[in-house]
file input32.cif (mmCIF, C-alpha atoms and all ligand atoms)
data_work
#
loop_
_atom_site.label_atom_id
_atom_site.label_comp_id
_atom_site.auth_asym_id
_atom_site.auth_seq_id
_atom_site.Cartn_x
_atom_site.Cartn_y
_atom_site.Cartn_z
CA MET G 25 73.63 53.89 36.93
CA SER G 26 74.33 54.51 40.59
CA GLN G 27 74.27 51.75 43.18
CA GLN G 28 70.87 51.09 44.76
CA VAL G 29 70.64 49.81 48.33
CA TYR G 30 67.58 48.20 49.86
CA LEU G 31 66.75 49.91 53.15
CA ASP G 32 63.62 49.64 55.19
CA GLY G 33 61.35 48.41 52.41
CA GLN G 34 62.68 50.32 49.43
CA LEU G 35 65.58 50.76 47.04
CA VAL G 36 67.40 54.03 47.56
CA PRO G 37 70.60 55.47 46.03
CA ALA G 38 73.66 54.29 48.00
CA GLU G 39 74.46 57.83 49.19
CA GLU G 40 71.01 58.05 50.80
CA ALA G 41 71.15 54.63 52.49
CA LYS G 42 71.76 55.68 56.09
CA VAL G 43 70.87 54.34 59.50
CA SER G 44 70.72 56.18 62.80
CA VAL G 45 73.77 56.60 65.04
CA PHE G 46 71.40 55.38 67.79
CA ASP G 47 70.92 52.06 65.99
CA HIS G 48 71.93 49.23 68.30
CA GLY G 49 73.60 47.55 65.32
CA LEU G 50 76.16 50.36 65.49
CA LEU G 51 76.14 50.93 69.26
CA TYR G 52 76.44 47.27 70.26
CA GLY G 53 76.87 45.11 67.14
CA ASP G 54 73.30 44.09 67.90
CA GLY G 55 72.03 42.48 64.71
CA VAL G 56 72.60 39.64 62.27
CA PHE G 57 73.91 39.32 58.73
CA GLU G 58 74.59 37.09 55.74
CA GLY G 59 77.05 37.20 52.86
CA ILE G 60 75.82 35.57 49.66
CA ARG G 61 77.29 35.09 46.17
CA VAL G 62 75.67 35.80 42.85
CA TYR G 63 76.77 33.58 39.97
CA GLY G 64 75.43 34.25 36.49
CA ARG G 65 72.55 36.37 37.85
CA ASN G 66 71.53 33.57 40.17
CA VAL G 67 71.71 34.20 43.94
CA PHE G 68 73.48 31.04 45.14
CA LEU G 69 71.65 29.03 47.84
CA LEU G 70 69.54 32.07 48.71
CA GLU G 71 66.93 30.06 50.64
CA GLU G 72 69.62 28.49 52.84
CA HIS G 73 71.15 31.89 53.62
CA VAL G 74 67.77 33.43 54.41
CA GLU G 75 66.93 30.47 56.65
CA ARG G 76 70.21 30.93 58.56
CA LEU G 77 69.55 34.68 58.86
CA TYR G 78 66.16 34.04 60.51
CA GLU G 79 67.71 31.40 62.79
CA SER G 80 70.43 33.87 63.85
CA ALA G 81 67.72 36.47 64.49
CA LEU G 82 65.67 34.00 66.52
CA ALA G 83 68.72 33.16 68.62
CA ILE G 84 69.19 36.83 69.57
CA ARG G 85 65.43 37.42 69.89
CA LEU G 86 65.35 39.89 67.04
CA GLU G 87 62.10 39.93 65.14
CA ILE G 88 62.74 40.57 61.45
CA PRO G 89 59.94 42.85 60.25
CA ILE G 90 59.38 41.03 56.92
CA SER G 91 58.74 37.39 56.08
CA PRO G 92 61.43 35.07 54.69
CA SER G 93 59.70 34.98 51.31
CA ALA G 94 59.54 38.80 51.20
CA MET G 95 63.25 38.81 52.11
CA ILE G 96 64.03 36.47 49.20
CA THR G 97 62.12 38.76 46.82
CA ALA G 98 63.88 41.84 48.21
CA VAL G 99 67.31 40.26 47.65
CA GLU G 100 66.43 39.28 44.10
CA GLU G 101 65.08 42.76 43.35
CA THR G 102 68.21 44.41 44.76
CA VAL G 103 70.48 42.18 42.65
CA ALA G 104 68.41 42.91 39.53
CA ALA G 105 68.30 46.68 40.19
CA ASN G 106 72.10 46.77 40.37
CA ASN G 107 72.61 44.59 37.28
CA ILE G 108 74.86 42.19 39.16
CA ASP G 109 75.88 39.17 37.05
CA ASP G 110 78.61 37.87 39.35
CA GLY G 111 78.90 39.46 42.72
CA TYR G 112 78.09 39.53 46.34
CA VAL G 113 75.11 40.36 48.52
CA ARG G 114 75.43 41.62 52.07
CA LEU G 115 72.18 41.23 53.92
CA LEU G 116 71.82 42.60 57.42
CA VAL G 117 69.21 43.30 60.03
CA THR G 118 69.92 45.60 62.95
CA ARG G 119 67.98 45.88 66.21
CA GLY G 120 67.04 49.45 65.24
CA ALA G 121 67.41 52.80 66.97
CA GLY G 122 67.06 52.92 70.73
CA THR G 123 68.37 54.60 73.84
CA LEU G 124 72.00 54.70 75.00
CA GLY G 125 71.44 51.59 77.03
CA LEU G 126 71.58 47.89 76.32
CA ASP G 127 67.89 47.13 76.73
CA PRO G 128 66.61 45.87 73.37
CA ARG G 129 63.03 46.59 74.47
CA ARG G 130 63.85 50.29 74.10
CA THR G 131 64.66 49.91 70.41
CA SER G 132 62.21 50.19 67.58
CA ASN G 133 62.18 49.80 63.84
CA PRO G 134 64.80 47.11 63.04
CA GLN G 135 66.60 48.03 59.84
CA VAL G 136 66.78 45.59 56.95
CA VAL G 137 69.67 46.45 54.62
CA ILE G 138 70.58 44.68 51.38
CA ILE G 139 73.70 45.69 49.48
CA ALA G 140 74.51 44.09 46.13
CA ALA G 141 78.02 44.69 44.89
CA THR G 142 80.92 43.12 43.08
CA ILE G 143 83.31 41.00 45.12
CA ALA G 144 87.06 41.23 45.69
CA LEU G 145 88.33 37.66 45.36
CA TYR G 146 91.55 36.08 46.55
CA PRO G 147 94.26 36.27 43.88
CA PRO G 148 94.10 33.35 41.39
CA GLU G 149 97.56 32.06 42.44
CA ILE G 150 96.13 31.06 45.82
CA TYR G 151 93.70 28.72 44.06
CA GLU G 152 96.55 27.20 42.03
CA ASP G 153 99.16 26.93 44.77
CA GLY G 154 97.11 26.75 47.97
CA MET G 155 97.18 28.95 51.05
CA PRO G 156 99.44 28.88 54.11
CA LEU G 157 97.68 29.31 57.45
CA VAL G 158 98.68 30.45 60.90
CA THR G 159 96.92 29.68 64.18
CA ALA G 160 95.59 32.75 65.98
CA SER G 161 95.90 33.01 69.75
CA THR G 162 92.41 34.52 69.86
CA ILE G 163 90.02 31.60 70.30
CA ARG G 164 86.56 31.35 68.79
CA ASN G 165 83.74 32.58 71.03
CA HIS G 166 82.68 30.12 73.70
CA PRO G 167 79.29 28.74 72.59
CA ALA G 168 77.86 29.88 75.92
CA ALA G 169 78.95 33.46 75.11
CA ILE G 170 77.97 34.60 71.60
CA ASN G 171 77.36 31.23 70.02
CA PRO G 172 79.42 31.07 66.80
CA ARG G 173 76.39 29.51 65.11
CA ILE G 174 74.84 32.97 65.21
CA LYS G 175 76.09 35.14 62.35
CA SER G 176 75.87 38.30 64.40
CA LEU G 177 77.03 41.82 63.55
CA ASN G 178 79.49 41.50 66.43
CA TYR G 179 82.47 40.00 64.58
CA LEU G 180 85.18 41.55 66.71
CA ASN G 181 86.40 38.16 67.90
CA ASN G 182 87.11 37.10 64.32
CA ILE G 183 88.52 40.51 63.43
CA LEU G 184 91.06 40.19 66.25
CA ALA G 185 92.13 36.80 64.89
CA LYS G 186 92.26 38.22 61.35
CA ILE G 187 94.56 41.02 62.58
CA GLU G 188 96.87 38.42 64.10
CA GLY G 189 96.93 36.61 60.76
CA THR G 190 97.54 39.67 58.62
CA ASP G 191 100.22 40.96 61.05
CA ALA G 192 102.01 37.65 60.56
CA GLY G 193 101.66 37.94 56.77
CA PHE G 194 98.78 35.49 56.23
CA VAL G 195 95.46 36.06 54.51
CA GLU G 196 93.54 33.73 56.83
CA ALA G 197 94.04 32.48 60.37
CA LEU G 198 92.94 29.28 62.08
CA MET G 199 90.90 29.66 65.25
CA LEU G 200 90.69 27.02 67.96
CA ASN G 201 87.70 26.60 70.24
CA HIS G 202 87.47 26.86 74.03
CA ARG G 203 88.56 23.21 74.28
CA GLY G 204 91.67 23.83 72.18
CA GLU G 205 90.24 21.96 69.20
CA VAL G 206 90.15 23.24 65.64
CA ALA G 207 87.09 25.42 65.15
CA GLU G 208 87.33 27.30 61.85
CA CYS G 209 89.06 30.24 60.20
CA THR G 210 87.96 33.86 60.59
CA GLY G 211 85.58 33.59 57.63
CA ASP G 212 85.88 29.99 56.40
CA ASN G 213 85.25 26.44 57.59
CA VAL G 214 88.05 23.86 57.71
CA PHE G 215 88.26 20.31 56.32
CA ILE G 216 91.02 17.74 56.27
CA VAL G 217 91.43 14.59 54.18
CA ARG G 218 93.10 11.56 55.74
CA ASP G 219 93.14 8.17 53.98
CA ARG G 220 90.50 9.48 51.54
CA ILE G 221 88.10 10.30 54.41
CA LEU G 222 86.99 13.92 54.82
CA LYS G 223 86.76 15.30 58.32
CA THR G 224 85.43 18.62 59.54
CA PRO G 225 84.45 19.93 62.99
CA SER G 226 80.79 19.43 63.83
CA ALA G 227 78.44 22.36 64.40
CA ASP G 228 78.71 21.95 68.17
CA ALA G 229 82.49 22.55 68.07
CA GLY G 230 81.71 26.27 68.21
CA ILE G 231 81.64 27.14 64.51
CA LEU G 232 79.40 28.84 62.03
CA GLU G 233 77.70 26.05 60.12
CA GLY G 234 78.77 27.27 56.70
CA ILE G 235 76.44 27.03 53.73
CA THR G 236 79.46 26.30 51.52
CA ARG G 237 80.59 23.67 54.05
CA ASN G 238 77.24 21.94 53.80
CA ALA G 239 77.21 22.13 49.99
CA VAL G 240 80.71 20.62 49.84
CA ILE G 241 79.76 17.82 52.26
CA GLU G 242 76.87 17.01 49.94
CA LEU G 243 79.08 17.08 46.82
CA ALA G 244 81.62 14.79 48.51
CA ARG G 245 78.98 12.31 49.65
CA GLU G 246 77.31 12.31 46.22
CA SER G 247 80.62 11.24 44.72
CA GLY G 248 80.91 8.35 47.18
CA LYS G 249 83.26 9.86 49.74
CA THR G 250 82.94 9.46 53.47
CA VAL G 251 82.57 12.70 55.41
CA GLN G 252 82.83 12.71 59.19
CA GLU G 253 81.89 15.61 61.46
CA VAL G 254 84.33 15.06 64.32
CA ALA G 255 86.54 16.93 66.75
CA LEU G 256 89.91 17.83 65.20
CA THR G 257 93.09 19.13 66.77
CA ARG G 258 96.03 20.91 65.17
CA HIS G 259 97.77 17.52 65.22
CA ASP G 260 95.15 16.20 62.78
CA ILE G 261 95.92 19.07 60.40
CA PHE G 262 99.70 18.59 60.68
CA THR G 263 99.33 14.90 59.85
CA ALA G 264 96.58 15.22 57.22
CA ASP G 265 97.02 14.25 53.57
CA GLU G 266 95.12 17.35 52.51
CA CYS G 267 93.46 20.36 54.07
CA PHE G 268 91.08 22.90 52.59
CA LEU G 269 88.76 25.76 53.51
CA THR G 270 85.20 26.50 52.39
CA GLY G 271 83.33 29.78 52.46
CA THR G 272 81.14 32.13 50.49
CA ALA G 273 84.06 34.37 49.54
CA ALA G 274 86.79 31.68 49.26
CA GLU G 275 84.61 28.90 47.75
CA VAL G 276 86.98 25.90 48.11
CA ILE G 277 90.65 26.66 48.67
CA ALA G 278 93.55 24.35 49.52
CA VAL G 279 95.64 24.85 52.67
CA ILE G 280 99.26 23.83 52.18
CA SER G 281 100.79 24.62 55.57
CA LEU G 282 99.87 25.48 59.14
CA ASP G 283 102.22 27.44 61.38
CA GLY G 284 105.07 26.77 58.95
CA ARG G 285 104.50 23.00 58.86
CA VAL G 286 103.85 21.57 55.41
CA ILE G 287 100.60 19.59 55.07
CA GLY G 288 100.76 16.46 52.88
CA SER G 289 102.58 17.13 49.62
CA GLY G 290 102.57 20.89 50.21
CA LYS G 291 100.39 21.31 47.11
CA PRO G 292 96.60 21.26 46.63
CA GLY G 293 95.73 17.55 46.92
CA PRO G 294 93.68 15.45 44.48
CA ILE G 295 90.49 15.33 46.56
CA THR G 296 90.67 19.06 47.23
CA ARG G 297 91.11 19.74 43.51
CA GLU G 298 88.22 17.43 42.65
CA LEU G 299 85.95 19.27 45.10
CA MET G 300 87.13 22.68 43.86
CA GLN G 301 86.05 21.60 40.37
CA LYS G 302 82.74 20.12 41.53
CA PHE G 303 81.95 23.31 43.43
CA ARG G 304 82.84 25.41 40.39
CA ASP G 305 80.50 23.27 38.26
CA LEU G 306 77.73 23.66 40.84
CA THR G 307 78.02 27.44 41.01
CA ARG G 308 78.61 28.01 37.31
CA GLY G 309 75.64 25.79 36.47
CA LYS G 310 77.13 22.66 34.88
N1 LIG B 1 82.96 30.69 59.41
C1 LIG B 1 82.80 32.00 59.66
C2 LIG B 1 83.21 32.53 60.97
C3 LIG B 1 82.26 32.84 58.68
O1 LIG B 1 82.10 34.13 58.92
C4 LIG B 1 82.10 30.92 57.21
C5 LIG B 1 82.61 30.15 58.23
C6 LIG B 1 81.70 30.27 55.94
O2 LIG B 1 80.28 30.20 55.87
P1 LIG B 1 79.53 30.25 54.47
O3 LIG B 1 78.09 30.15 54.84
O4 LIG B 1 79.89 31.55 53.84
O5 LIG B 1 79.99 29.08 53.70
C7 LIG B 1 81.90 32.30 57.43
C8 LIG B 1 81.35 33.17 56.36
C9 LIG B 1 83.94 38.31 54.27
C10 LIG B 1 82.89 37.29 54.37
O6 LIG B 1 83.63 39.39 53.73
C11 LIG B 1 82.96 36.28 55.31
C12 LIG B 1 81.95 35.34 55.38
C13 LIG B 1 80.90 35.40 54.54
C14 LIG B 1 80.84 36.41 53.62
C15 LIG B 1 81.84 37.36 53.53
O7 LIG B 1 85.06 38.06 54.69
N2 LIG B 1 82.07 34.37 56.31
#

call {"tool": "encode", "arguments": {"input": "input32.cif", "output": "structure tokens", "more": "lines below"}}
Ligand code: PXG
result
Amino acid sequence: MSQQVYLDGQLVPAEEAKVSVFDHGLLYGDGVFEGIRVYGRNVFLLEEHVERLYESALAIRLEIPISPSAMITAVEETVAANNIDDGYVRLLVTRGAGTLGLDPRRTSNPQVVIIAATIALYPPEIYEDGMPLVTASTIRNHPAAINPRIKSLNYLNNILAKIEGTDAGFVEALMLNHRGEVAECTGDNVFIVRDRILKTPSADAGILEGITRNAVIELARESGKTVQEVALTRHDIFTADECFLTGTAAEVIAVISLDGRVIGSGKPGPITRELMQKFRDLTRGK
């Protein structure tokens, strides 16, 4: 069966799922999106993702033409129509087609697109051995520019940092914020462990407030650990006992070095491994 894409209220064959070249999503990156995992037919934390999508839209004054509950139903129908057991959903809303000018008032018909597909994961060795990281020179957007809390279709800032990382031979890159503090990676949030206390930048550090991040904070607190949302510098990572990333695609993944400097033992640490397992149990329904 061919892939079915949700577009503008209906499921259509992937080849027919097209938006206008005048869409401001294409012309200006003017729109918002979400990436969501499907585990065992269940769309993981769908309500949280839909809530963040509507918050992103509100922040850019984009009115999504359907209600959050209709969006949830549309995602579930798209996943079911494509027979996805374990996979990935890309949900996006564009500003719609308009004139060749910035003015969003000249656009009409915002496009809602839902793509359900399989997902290309990091190789399993990275989960066993951990991941080395490099710091990108491209900083995260200043919160007074495109606030990183908005998951907008304009991801060029992160793409530039990703290019720096891949050019240097790394699969992820660390981004600092406008104050020179640790923000996050190009598609993942960052945690450290120091003296059994977990620390991660707070939402106002200029980060996307990750759904995986929040789920992991909850798992850690449920198992009696202290989690602090505080400003971190690269120094805190260099001197940490453990470091790990969280994200929809990565789940929980250990970081074993930054800019060539070994973190802790240089292997995935015990608290990281415990949280990797707890997250696996949560997503695979144990
Ligand atoms: N920071 C940024 C900048 C992100 O883009 C995260 C953190 C983690 O957030 P979640 O809610 O996923 O825990 C993201 C999410 C991809 C891809 O294809 C990237 C993300 C999500 C889905 C797919 O690389 N980034």

call {"tool": "residues_near_ligand", "arguments": {"input": "input32.cif", "ligand": "ligand LIG 1 (chain B)", "cutoff": "9 Å", "atoms": "all atoms listed in the file", "output": "JSON, numbers by chain"}}
result
{"G": [58, 59, 60, 61, 72, 73, 76, 112, 113, 114, 143, 144, 164, 172, 173, 175, 179, 182, 207, 208, 209, 210, 211, 212, 213, 214, 231, 232, 233, 234, 235, 236, 237, 238, 239, 269, 270, 271, 272, 273, 274, 275]}

call {"tool": "atom_distance", "arguments": {"input": "input32.cif", "atom1": "atom CA of Val286 of chain G", "atom2": "atom CA of Asp305 of chain G"}}
result
29.0 Å

call {"tool": "closest_residue", "arguments": {"input": "input32.cif", "among": "G:Ile170, G:Phe303, G:Val279, G:Ala94", "to": "Lys291 of chain G", "atoms": "only C-alpha atoms"}}
result
G:Val279

call {"tool": "atom_distance", "arguments": {"input": "input32.cif", "atom1": "atom CA of Leu126 of chain G", "atom2": "atom CA of Pro92 of chain G"}}
result
27.1 Å

call {"tool": "closest_residue", "arguments": {"input": "input32.cif", "among": "G:Ile150, G:Gly125, G:Asp265, G:Gly230", "to": "His166 of chain G", "atoms": "only C-alpha atoms"}}
result
G:Gly230
